[in-house]
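Asks: Below is the file coords.tsv, with TSV, C-alpha atoms and all ligand atoms.
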```
chain	number	residue	atom	x	y	z
A	1	MET	CA	-5.49	8.59	-90.41
A	2	ASP	CA	-3.31	8.96	-87.38
A	3	PRO	CA	-4.93	7.71	-84.18
A	4	MET	CA	-2.04	9.03	-82.09
A	5	ILE	CA	-2.61	12.60	-83.15
A	6	HIS	CA	-6.35	12.29	-82.80
A	7	SER	CA	-6.30	10.85	-79.31
A	8	GLY	CA	-4.23	13.86	-78.31
A	9	LEU	CA	-6.84	16.21	-79.75
A	10	GLU	CA	-9.93	14.43	-78.42
A	11	TRP	CA	-9.75	15.94	-74.95
A	12	LEU	CA	-8.92	19.52	-75.85
A	13	ALA	CA	-11.35	22.25	-74.88
A	14	THR	CA	-10.41	24.11	-78.06
A	15	ALA	CA	-12.25	23.09	-81.20
A	16	VAL	CA	-9.83	21.53	-83.68
A	17	VAL	CA	-10.54	20.67	-87.31
A	18	LEU	CA	-8.19	19.02	-89.81
A	19	LEU	CA	-8.72	19.68	-93.52
A	20	ASP	CA	-7.16	18.21	-96.64
A	21	ARG	CA	-5.92	20.24	-99.61
A	22	SER	CA	-9.45	20.56	-101.01
A	23	LEU	CA	-10.66	21.85	-97.63
A	24	ARG	CA	-12.54	18.60	-96.93
A	25	VAL	CA	-13.03	17.77	-93.26
A	26	LYS	CA	-10.77	14.88	-92.30
A	27	TYR	CA	-11.17	15.06	-88.57
A	28	LEU	CA	-12.92	17.16	-85.97
A	29	ASN	CA	-12.67	16.81	-82.23
A	30	PRO	CA	-15.59	16.68	-79.79
A	31	ALA	CA	-15.13	20.35	-78.87
A	32	ALA	CA	-15.66	21.25	-82.57
A	33	GLU	CA	-18.72	18.98	-82.75
A	34	ALA	CA	-20.18	20.80	-79.77
A	35	LEU	CA	-19.25	24.25	-81.06
A	36	PHE	CA	-20.95	23.79	-84.42
A	37	ALA	CA	-23.64	21.41	-83.18
A	38	ILE	CA	-22.73	18.84	-85.83
A	39	SER	CA	-21.68	15.24	-85.66
A	40	ARG	CA	-18.38	14.05	-87.01
A	41	LYS	CA	-19.74	11.28	-89.15
A	42	ASN	CA	-22.14	13.64	-90.93
A	43	VAL	CA	-19.49	16.07	-92.03
A	44	LEU	CA	-16.47	13.90	-92.79
A	45	ASP	CA	-15.26	14.57	-96.34
A	46	GLN	CA	-17.54	17.57	-96.80
A	47	THR	CA	-15.81	20.85	-97.54
A	48	PHE	CA	-15.49	22.84	-94.35
A	49	PRO	CA	-16.53	26.28	-95.67
A	50	GLY	CA	-19.52	24.58	-97.30
A	51	LEU	CA	-20.90	23.87	-93.82
A	52	PHE	CA	-21.53	27.58	-93.32
A	53	VAL	CA	-23.52	30.31	-95.00
A	54	ASP	CA	-21.65	32.93	-97.05
A	55	SER	CA	-18.19	31.57	-96.28
A	56	GLY	CA	-16.48	32.43	-99.56
A	57	THR	CA	-13.97	34.67	-97.83
A	58	LEU	CA	-12.90	31.92	-95.45
A	59	ALA	CA	-12.50	29.47	-98.34
A	60	GLY	CA	-10.27	31.99	-100.12
A	61	LEU	CA	-8.08	32.47	-97.06
A	62	LEU	CA	-7.76	28.73	-96.43
A	63	HIS	CA	-6.80	28.04	-100.04
A	64	GLN	CA	-4.25	30.82	-99.83
A	65	ALA	CA	-2.82	29.35	-96.61
A	66	ILE	CA	-2.33	26.01	-98.38
A	67	ARG	CA	-0.87	27.57	-101.51
A	68	GLU	CA	1.58	29.75	-99.63
A	69	GLU	CA	2.16	27.24	-96.82
A	70	ARG	CA	1.56	30.00	-94.36
A	71	GLY	CA	-0.82	30.08	-91.44
A	72	PHE	CA	-2.88	32.99	-90.24
A	73	ALA	CA	-4.91	34.14	-87.28
A	74	ASP	CA	-8.30	35.80	-87.45
A	75	GLN	CA	-9.51	37.51	-84.29
A	76	ASP	CA	-13.10	37.85	-85.31
A	77	LEU	CA	-14.05	35.16	-87.76
A	78	ILE	CA	-17.80	34.93	-88.25
A	79	LEU	CA	-19.22	31.53	-89.21
A	80	ALA	CA	-22.92	31.02	-89.65
A	81	PRO	CA	-24.16	27.42	-89.62
A	82	PRO	CA	-27.40	27.35	-91.66
A	83	GLY	CA	-30.39	28.29	-89.54
A	84	GLN	CA	-28.29	29.18	-86.50
A	85	GLU	CA	-27.00	32.42	-84.98
A	86	PRO	CA	-23.60	33.35	-86.45
A	87	LEU	CA	-20.65	32.35	-84.27
A	88	HIS	CA	-17.86	34.82	-83.55
A	89	LEU	CA	-14.58	32.98	-83.25
A	90	ASP	CA	-10.91	33.42	-82.65
A	91	CYS	CA	-9.30	31.26	-85.28
A	92	ILE	CA	-5.73	30.07	-85.80
A	93	VAL	CA	-4.88	28.24	-89.00
A	94	THR	CA	-1.65	26.26	-89.32
A	95	PRO	CA	-0.44	24.28	-92.33
A	96	VAL	CA	0.46	20.70	-91.38
A	97	GLU	CA	2.21	17.98	-93.30
A	98	LEU	CA	0.13	14.91	-92.69
A	99	GLU	CA	-0.62	12.31	-95.28
A	100	TYR	CA	-4.33	13.01	-95.18
A	101	ALA	CA	-4.51	16.60	-93.93
A	102	ALA	CA	-2.96	19.91	-94.94
A	103	LEU	CA	-4.47	22.42	-92.50
A	104	LEU	CA	-5.16	22.50	-88.81
A	105	LEU	CA	-7.80	24.93	-87.53
A	106	GLU	CA	-8.10	25.91	-83.88
A	107	LEU	CA	-11.32	27.75	-83.11
A	108	ARG	CA	-12.39	29.42	-79.91
A	109	PRO	CA	-15.67	31.28	-79.44
A	110	ILE	CA	-15.27	34.92	-78.45
A	111	ASP	CA	-17.80	35.80	-75.86
A	112	GLN	CA	-20.07	38.74	-76.37
A	113	ARG	CA	-18.40	40.80	-73.67
A	114	LEU	CA	-14.98	40.51	-75.21
A	115	ARG	CA	-16.38	41.39	-78.60
A	116	ILE	CA	-18.05	44.50	-77.27
A	117	GLU	CA	-14.87	45.46	-75.45
A	118	ARG	CA	-12.86	45.14	-78.65
A	119	GLU	CA	-15.37	47.23	-80.55
A	120	GLU	CA	-15.32	49.85	-77.82
A	121	GLN	CA	-11.58	49.94	-77.84
A	122	ARG	CA	-11.67	50.59	-81.55
A	123	MET	CA	-14.19	53.41	-81.09
A	124	THR	CA	-12.19	55.02	-78.31
A	125	GLN	CA	-9.07	54.81	-80.38
A	126	HIS	CA	-10.91	56.31	-83.33
A	127	ARG	CA	-12.10	59.23	-81.21
A	128	ALA	CA	-8.63	59.79	-79.76
A	129	ASN	CA	-7.12	59.71	-83.23
A	130	ARG	CA	-9.58	62.20	-84.56
A	131	GLU	CA	-8.97	64.52	-81.65
A	132	LEU	CA	-5.22	64.31	-82.14
A	133	ILE	CA	-5.51	64.96	-85.86
A	134	ARG	CA	-7.85	67.89	-85.33
A	135	ASN	CA	-5.50	69.51	-82.85
A	136	LEU	CA	-2.56	68.92	-85.10
A	137	ALA	CA	-4.39	70.34	-88.11
A	138	HIS	CA	-5.30	73.37	-86.09
A	139	GLU	CA	-1.70	73.94	-85.04
A	140	ILE	CA	-0.47	73.58	-88.61
A	141	LYS	CA	-3.04	75.97	-90.05
A	142	ASN	CA	-1.88	79.01	-88.10
A	143	PRO	CA	1.80	79.13	-89.10
A	144	LEU	CA	0.75	78.12	-92.58
A	145	GLY	CA	-1.17	81.37	-92.98
A	146	GLY	CA	1.92	83.30	-91.91
A	147	LEU	CA	4.13	81.43	-94.36
A	148	ARG	CA	1.81	82.04	-97.26
A	149	GLY	CA	1.30	85.71	-96.44
A	150	SER	CA	5.05	86.33	-96.15
A	151	ALA	CA	5.72	84.58	-99.44
A	152	GLN	CA	3.18	86.87	-101.08
A	153	LEU	CA	4.79	89.99	-99.61
A	154	LEU	CA	8.21	88.76	-100.64
A	155	GLU	CA	6.97	88.16	-104.15
A	156	ARG	CA	5.99	91.81	-104.53
A	157	GLU	CA	9.47	92.94	-103.52
A	158	LEU	CA	11.28	90.66	-105.95
A	159	ASP	CA	12.36	92.39	-109.16
A	160	ARG	CA	13.80	89.34	-110.88
A	161	PRO	CA	10.83	87.37	-112.30
A	162	SER	CA	12.88	84.15	-112.23
A	163	LEU	CA	12.93	84.36	-108.41
A	164	ARG	CA	9.15	84.53	-108.32
A	165	GLU	CA	9.04	80.92	-109.36
A	166	TYR	CA	10.20	80.04	-105.85
A	167	THR	CA	7.61	82.14	-104.07
A	168	ARG	CA	4.97	80.60	-106.40
A	169	VAL	CA	6.02	77.15	-105.21
A	170	ILE	CA	5.79	78.22	-101.57
A	171	ILE	CA	2.32	79.65	-102.11
A	172	LYS	CA	1.09	76.69	-104.12
A	173	GLU	CA	2.31	74.14	-101.60
A	174	ALA	CA	0.94	76.18	-98.70
A	175	ASP	CA	-2.44	76.15	-100.45
A	176	ARG	CA	-2.28	72.40	-100.90
A	177	LEU	CA	-1.54	71.89	-97.20
A	178	GLN	CA	-4.27	74.33	-96.28
A	179	ALA	CA	-6.83	72.35	-98.32
A	180	LEU	CA	-5.72	69.15	-96.58
A	181	MET	CA	-6.02	70.75	-93.14
A	182	ASP	CA	-9.49	72.03	-94.02
A	183	ARG	CA	-10.58	68.50	-94.89
A	184	LEU	CA	-9.17	67.27	-91.59
A	185	LEU	CA	-11.12	69.87	-89.67
A	186	THR	CA	-14.52	69.87	-91.38
A	187	PRO	CA	-16.88	67.18	-90.16
A	188	HIS	CA	-18.02	68.66	-86.94
A	189	ARG	CA	-21.52	69.66	-87.87
A	190	PRO	CA	-23.84	67.74	-85.57
A	191	PRO	CA	-26.09	65.47	-87.62
A	192	VAL	CA	-29.64	66.65	-88.32
A	193	HIS	CA	-31.87	63.59	-88.12
A	194	VAL	CA	-34.97	63.42	-90.28
A	195	PRO	CA	-37.12	60.50	-91.44
A	196	MET	CA	-35.56	59.18	-94.61
A	197	ASN	CA	-35.27	56.23	-96.92
A	198	ILE	CA	-31.91	54.50	-97.28
A	199	HIS	CA	-32.60	53.80	-100.95
A	200	GLU	CA	-32.62	57.50	-101.72
A	201	VAL	CA	-29.07	57.55	-100.37
A	202	CYS	CA	-28.14	54.58	-102.57
A	203	GLU	CA	-29.69	56.13	-105.67
A	204	ARG	CA	-27.88	59.43	-105.14
A	205	VAL	CA	-24.57	57.66	-104.68
A	206	ARG	CA	-25.22	55.56	-107.78
A	207	THR	CA	-25.88	58.66	-109.89
A	208	LEU	CA	-22.81	60.45	-108.54
A	209	ILE	CA	-20.52	57.46	-109.11
A	210	LEU	CA	-21.78	56.92	-112.66
A	211	ALA	CA	-21.24	60.61	-113.39
A	212	GLU	CA	-17.73	60.58	-111.95
A	213	PHE	CA	-16.74	57.25	-113.55
A	214	PRO	CA	-18.68	57.13	-116.82
A	215	GLN	CA	-16.71	54.15	-118.10
A	216	GLY	CA	-15.60	50.81	-116.75
A	217	VAL	CA	-17.82	50.56	-113.68
A	218	ARG	CA	-21.33	49.18	-113.42
A	219	VAL	CA	-23.38	49.93	-110.34
A	220	GLU	CA	-25.99	47.25	-109.64
A	221	ARG	CA	-28.77	47.58	-107.11
A	222	ASP	CA	-30.01	44.82	-104.86
A	223	TYR	CA	-32.48	46.50	-102.54
A	224	ASP	CA	-34.79	45.08	-99.94
A	225	VAL	CA	-37.66	47.43	-100.73
A	226	GLY	CA	-39.55	46.39	-97.64
A	227	LEU	CA	-37.04	48.13	-95.34
A	228	PRO	CA	-38.67	50.56	-92.93
A	229	GLU	CA	-37.82	54.24	-92.80
A	230	LEU	CA	-34.73	55.39	-90.95
A	231	ARG	CA	-34.05	58.52	-88.94
A	232	GLY	CA	-30.80	60.01	-90.13
A	233	ASP	CA	-28.90	62.83	-91.73
A	234	PRO	CA	-29.21	62.23	-95.49
A	235	GLU	CA	-26.25	64.43	-96.47
A	236	GLN	CA	-23.90	62.70	-94.04
A	237	LEU	CA	-25.02	59.24	-95.06
A	238	ILE	CA	-24.66	60.08	-98.76
A	239	GLN	CA	-21.13	61.32	-98.06
A	240	ALA	CA	-20.28	58.15	-96.11
A	241	VAL	CA	-21.58	55.76	-98.78
A	242	LEU	CA	-20.10	57.87	-101.57
A	243	ASN	CA	-16.63	57.73	-100.00
A	244	ILE	CA	-16.85	53.94	-99.80
A	245	ALA	CA	-18.25	53.50	-103.32
A	246	ARG	CA	-15.72	55.92	-104.79
A	247	ASN	CA	-12.89	53.85	-103.29
A	248	ALA	CA	-14.40	50.78	-104.92
A	249	ALA	CA	-14.56	52.49	-108.32
A	250	GLN	CA	-11.01	53.79	-107.96
A	251	ALA	CA	-9.77	50.32	-106.98
A	252	ILE	CA	-11.49	48.74	-109.99
A	253	LEU	CA	-10.12	51.29	-112.44
A	254	GLY	CA	-6.67	51.38	-110.87
A	255	ALA	CA	-6.14	47.62	-111.03
A	256	PRO	CA	-3.31	46.55	-113.39
A	257	SER	CA	-5.65	44.51	-115.59
A	258	SER	CA	-7.73	47.63	-116.20
A	259	THR	CA	-5.09	49.13	-118.46
A	260	ALA	CA	-6.74	47.05	-121.15
A	261	ARG	CA	-9.47	49.19	-122.61
A	262	GLU	CA	-12.28	46.88	-121.65
A	263	VAL	CA	-12.69	47.17	-117.91
A	264	HIS	CA	-15.84	45.78	-116.47
A	265	GLY	CA	-15.84	46.20	-112.80
A	266	GLN	CA	-18.99	45.96	-110.80
A	267	ILE	CA	-20.16	47.62	-107.63
A	268	VAL	CA	-23.27	46.28	-105.94
A	269	LEU	CA	-25.31	48.39	-103.54
A	270	ARG	CA	-27.26	45.95	-101.40
A	271	THR	CA	-29.67	46.62	-98.54
A	272	ARG	CA	-30.95	44.08	-96.05
A	273	VAL	CA	-32.64	44.00	-92.72
A	274	ALA	CA	-30.52	42.80	-89.77
A	275	ARG	CA	-32.05	41.53	-86.56
A	276	ARG	CA	-30.80	41.36	-82.99
A	277	VAL	CA	-27.52	43.21	-83.34
A	278	THR	CA	-25.35	44.89	-80.74
A	279	LEU	CA	-23.88	48.14	-82.00
A	280	ALA	CA	-21.67	50.27	-79.80
A	281	ARG	CA	-22.81	48.45	-76.67
A	282	ARG	CA	-26.51	48.87	-77.38
A	283	PHE	CA	-28.71	46.01	-78.36
A	284	HIS	CA	-31.05	46.67	-81.29
A	285	LYS	CA	-33.88	44.41	-82.32
A	286	LEU	CA	-33.84	45.79	-85.81
A	287	ALA	CA	-31.11	47.32	-87.93
A	288	LEU	CA	-30.43	47.85	-91.58
A	289	GLU	CA	-27.37	46.71	-93.40
A	290	LEU	CA	-26.09	48.50	-96.47
A	291	GLN	CA	-23.37	46.65	-98.33
A	292	VAL	CA	-21.07	48.11	-100.94
A	293	VAL	CA	-19.54	45.14	-102.73
A	294	ASP	CA	-16.94	45.38	-105.48
A	295	ASP	CA	-15.06	42.88	-107.60
A	296	GLY	CA	-11.85	44.92	-107.75
A	297	PRO	CA	-8.38	43.85	-106.65
A	298	GLY	CA	-9.08	44.06	-102.90
A	299	ILE	CA	-7.50	46.18	-100.19
A	300	PRO	CA	-3.69	45.98	-100.21
A	301	ALA	CA	-2.72	43.49	-97.49
A	302	ASP	CA	-0.23	45.81	-95.80
A	303	ILE	CA	-2.86	48.42	-94.92
A	304	ARG	CA	-5.89	46.15	-94.45
A	305	ASP	CA	-6.00	46.63	-90.68
A	306	GLN	CA	-5.52	50.37	-90.82
A	307	ILE	CA	-7.76	51.68	-93.57
A	308	PHE	CA	-10.11	53.44	-91.14
A	309	TYR	CA	-7.23	55.40	-89.61
A	310	PRO	CA	-6.74	58.93	-90.90
A	311	LEU	CA	-4.05	59.51	-93.51
A	312	VAL	CA	-3.71	55.83	-94.39
A	313	SER	CA	-3.90	55.46	-98.14
A	314	GLY	CA	-2.89	52.80	-100.62
A	315	ARG	CA	-3.61	54.97	-103.60
A	316	GLU	CA	-1.42	57.40	-105.49
A	317	GLY	CA	-2.71	60.87	-104.66
A	318	GLY	CA	-5.05	59.61	-101.92
A	319	THR	CA	-5.28	61.59	-98.69
A	320	GLY	CA	-6.52	58.66	-96.65
A	321	LEU	CA	-9.46	60.52	-95.18
A	322	GLY	CA	-12.43	59.07	-97.07
A	323	LEU	CA	-13.00	56.11	-94.78
A	324	THR	CA	-12.21	58.03	-91.59
A	325	LEU	CA	-14.97	60.47	-92.49
A	326	ALA	CA	-17.33	57.68	-93.49
A	327	GLN	CA	-16.78	56.03	-90.13
A	328	THR	CA	-17.32	59.28	-88.23
A	329	PHE	CA	-20.62	59.90	-90.02
A	330	VAL	CA	-21.86	56.36	-89.45
A	331	GLN	CA	-20.88	56.47	-85.78
A	332	GLN	CA	-22.88	59.65	-85.41
A	333	HIS	CA	-25.86	57.47	-86.36
A	334	GLN	CA	-24.93	54.90	-83.67
A	335	GLY	CA	-23.91	52.56	-86.47
A	336	VAL	CA	-20.76	50.70	-87.46
A	337	VAL	CA	-18.79	50.18	-90.66
A	338	GLU	CA	-17.03	46.88	-91.21
A	339	CYS	CA	-15.07	45.55	-94.07
A	340	GLU	CA	-13.76	42.29	-95.42
A	341	SER	CA	-11.66	42.03	-98.50
A	342	GLN	CA	-9.94	39.58	-100.78
A	343	PRO	CA	-8.96	39.93	-104.42
A	344	GLY	CA	-12.14	39.96	-106.49
A	345	ARG	CA	-14.50	40.59	-103.61
A	346	THR	CA	-14.46	43.48	-101.16
A	347	ILE	CA	-17.44	44.15	-98.94
A	348	PHE	CA	-18.03	47.25	-96.85
A	349	ARG	CA	-21.00	46.89	-94.51
A	350	ILE	CA	-22.71	49.82	-92.87
A	351	VAL	CA	-25.04	48.69	-90.11
A	352	LEU	CA	-27.46	51.31	-88.79
A	353	PRO	CA	-29.98	50.80	-85.99
A	354	LEU	CA	-33.65	51.26	-86.86
A	355	HIS	CA	-35.73	52.71	-84.08
A	401	LIG	N1	-12.99	48.84	-102.24
A	401	LIG	C1	-11.66	48.94	-102.09
A	401	LIG	N2	-10.82	48.15	-102.81
A	401	LIG	C2	-9.48	48.24	-102.67
A	401	LIG	N3	-8.87	49.09	-101.82
A	401	LIG	C3	-9.62	49.91	-101.08
A	401	LIG	C4	-11.05	49.87	-101.16
A	401	LIG	N4	-11.53	50.78	-100.29
A	401	LIG	C5	-10.46	51.36	-99.69
A	401	LIG	N5	-9.32	50.83	-100.17
A	401	LIG	C6	-7.95	51.19	-99.75
A	401	LIG	O1	-8.05	51.92	-98.54
A	401	LIG	C7	-7.34	53.15	-98.65
A	401	LIG	C8	-7.95	54.20	-97.75
A	401	LIG	O2	-9.16	54.69	-98.28
A	401	LIG	P1	-9.64	56.16	-97.93
A	401	LIG	O3	-10.91	56.41	-98.68
A	401	LIG	O4	-9.67	56.33	-96.46
A	401	LIG	O5	-8.48	57.08	-98.49
A	401	LIG	P2	-8.09	57.40	-100.00
A	401	LIG	O6	-9.13	56.87	-100.95
A	401	LIG	O7	-6.70	56.92	-100.21
A	401	LIG	O8	-8.08	58.99	-100.02
A	401	LIG	P3	-9.35	59.99	-99.99
A	401	LIG	O9	-10.58	59.14	-99.90
A	401	LIG	O10	-9.15	60.81	-98.77
A	401	LIG	O11	-9.26	60.74	-101.24
A	401	LIG	C9	-7.37	53.45	-100.13
A	401	LIG	O12	-6.29	54.29	-100.49
A	401	LIG	C10	-7.26	52.07	-100.76
A	401	LIG	O13	-5.91	51.66	-100.83
A	402	MG	MG	-11.15	57.34	-100.62
```
What is this structure when it is put down as structure tokens?

Replies:
Amino acid sequence: MDPMIHSGLEWLATAVVLLDRSLRVKYLNPAAEALFAISRKNVLDQTFPGLFVDSGTLAGLLHQAIREERGFADQDLILAPPGQEPLHLDCIVTPVELEYAALLLELRPIDQRLRIEREEQRMTQHRANRELIRNLAHEIKNPLGGLRGSAQLLERELDRPSLREYTRVIIKEADRLQALMDRLLTPHRPPVHVPMNIHEVCERVRTLILAEFPQGVRVERDYDVGLPELRGDPEQLIQAVLNIARNAAQAILGAPSSTAREVHGQIVLRTRVARRVTLARRFHKLALELQVVDDGPGIPADIRDQIFYPLVSGREGGTGLGLTLAQTFVQQHQGVVECESQPGRTIFRIVLPLH
């Protein structure tokens, strides 16, 4: 242990934790004790992620940081000490070369206001993006019609059949663009809210996924059958969940290891009740959480922060609209979609208020 380093950390307002290569706590300063309401002597030598509920993702990231000797920053890390409200934290992780410690964690609580502001910013940006894309799609559609029509007229005038190949290409490509523009422009039907059961949505999605991917993907259910009814638009919610589950199936089947004939990927549809949540600035006593969990390869790191933006795709042949649409539909229900991903475990969470 290095008393010099520790005395420097004792007085910091930021919570600091030092971990060894097995993620065991080697030191934590008084600010960290206060933040997690734990005492240093009780947690020394325990694994840090083990102090929190459901912290597998954090453990994965910390191990990766050690392996690759590379730090990272997480702007909304959620840590839930057992029996306590989850903490939302800004977290900076830095590899260190000390005899007894390999990682230094700096953790700062994000206050509720800042969190809501960030979420609002994301929503505003999402709306602005959608508006921009819609306008653009509209502008592209008009000349596209002219191009296609002219190619058709030209085709009739051409006497050499070999030249028609070119007009065919123009028409075919114009049709492909047209279909893309139509998808960009569709979801503007206002939702029709009726009393409904979220498990009917899950069951429909399960049937559709199994029909579309008859091999290689299992879809397990883990429902909280005591969940109360929801008011929502069943078609829109089915579409939202289907887009998310289809991505999961595609990721499982597209993974390199799946070239072997025996692929056994699993998607879990899980429902739970969530209490006391703030969604889009409104506090809700009761909400429902629908998780779509898959054990596929995870979201490619280079697009992880952008997957909800339109036209962002990490998949050959993908248009990058599935998640944008899913988010739009969920937002129309005053809900949010969140995602966390690492190889072997990707979770999409849809949280919808219950009235
Ligand atoms: N469960 C998942 N596992 C791994 N990657 C995922 C997962 N879900 C989404 N992705 C990544 O996010 C990208 C964006 O998804 P999105 O559904 O918006 O578009 P897409 O699937 O590429 O195209 P589209 O849905 O419009 O046909 C995907 O291309 C994929 O790279
Ligand atoms: Mg998709």

Asks: One number please: CA of Gly265 (chain A) to CA of Arg221 (chain A), in Å, one decimal.

Replies: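 So the two atoms, CA of Gly265 (chain A) and CA of Arg221 (chain A), lie 14.2 Å apart.
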
Asks: With distances taken over all atoms listed in the file, which of A:Ala73, A:Leu269, A:Ala59, A:Cys339 is nearest to Arg304 (chain A)?

Replies: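 Of A:Ala73, A:Leu269, A:Ala59, A:Cys339, the one nearest Arg304 (chain A) is A:Cys339, counting all atoms listed in the file.
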
Asks: Could you list, as a VMD selection string, every residue within 9 Å of Ala32 (chain A), counting only C-alpha atoms and ignoring same-chain residues fewer than 4 positions away?

Replies: chain A and resid 13 to 17 28 36 to 38 40 106 to 107

Asks: Determine, counting only C-alpha atoms, which protein, DNA and RNA residues have an atom within 7 Å of an atom of region 283-295 of chain A; residues of the same chain fewer than 4 positions away are not included. Present the result as a count of residues only.

Replies: 28

Asks: Report as a PyMOL selection string which protein, DNA and RNA residues come within 7 Å of ligand LIG 401 (chain A), using only C-alpha atoms and all ligand atoms.

Replies: chain A and resi 243-244+247-248+251+294+296-300+307-308+310+312-315+318-324+346

Asks: So which one's closest to ligand MG 402 (chain A), A:His264, A:Arg246, A:Arg130, A:Arg168? Using all atoms listed in the file, please.

Replies: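 Looking only at the distances to ligand MG 402 (chain A), the closest residue turns out to be A:Arg246.
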
Asks: With all atoms listed in the file as the basis for distance, which of A:Glu316, A:Gln332, A:Glu33, A:Pro343 is at the shortest distance from ligand MG 402 (chain A)?

Replies: A:Glu316

Asks: Mind pulling up the distance from CA of His199 (chain A) to CA of Asp222 (chain A)?

Replies: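 Separation between CA of Asp222 (chain A) and CA of His199 (chain A): 10.1 Å.
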
Asks: What is the distance, in Å and to one decimal place, between CA of Arg156 (chain A) and CA of Ala137 (chain A)?

Replies: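 Value for the CA of Arg156 (chain A)-CA of Ala137 (chain A) distance: 29.0 Å.
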
Asks: With all atoms listed in the file as the basis for distance, which of A:Pro86, A:Pro214, A:Gly317, A:Pro161 is at the shortest distance from ligand MG 402 (chain A)?

Replies: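 Smallest distance to ligand MG 402 (chain A) is found for A:Gly317.
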
Asks: Hey, which of A:Met123, A:Ala249, A:Ile5, A:Ile133 ends up closest to ligand MG 402 (chain A)? Count all atoms listed in the file.

Replies: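 Of the candidates, the smallest distance to ligand MG 402 (chain A) is held by A:Ala249.
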
Asks: Go through A:Glu68, A:His333, A:Gln250, A:Glu338 one by one, measure the shortest atom-to-atom distance of each to ligand MG 402 (chain A) using all atoms listed in the file, and give the residue with the smallest value.

Replies: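 When distances to ligand MG 402 (chain A) are compared using all atoms listed in the file, the smallest one comes from A:Gln250.
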
Asks: Which polymer residues, protein or nucleic acid, are no farther than 12 Å from (-3.5, 70.2, -98.6), counting only C-alpha atoms, as a ChimeraX atom specification?

Replies: /A:137,140-141,144,171-185,311,317-319,321

Asks: Write out as a PyMOL selection string each polymer residue whose atoms come within 10 Å of Val194 (chain A), counting all atoms listed in the file; drop sequence neighbours fewer than 4 positions from it.

Replies: chain A and resi 229-234

Asks: May I have the residues within 8 Å of Val241 (chain A) as a PyMOL selection string, using all atoms listed in the file and disregarding those fewer than 5 positions away in the same chain?

Replies: chain A and resi 201-202+205+292+326

Asks: Which protein, DNA or RNA residues are at most 12 Å from (9.2, 81.3, -100.4) in the file's coordinates when you count only C-alpha atoms, listed as a list in words?

Replies: Leu144, Gly146, Leu147, Arg148, Gly149, Ser150, Ala151, Gln152, Leu153, Leu154, Glu155, Arg156, Leu158, Leu163, Arg164, Glu165, Tyr166, Thr167, Arg168, Val169, Ile170, Ile171, Lys172, Glu173 and Ala174 of chain A

Asks: Find the spatial neighbours of Leu89 (chain A), counting only C-alpha atoms, within a cut-off of 10 Å - ignore same-chain residues fewer than 3 positions away - and output them as an MDAnalysis selection string.

Replies: chainID A and resid 74:79 86 92 106:111 115
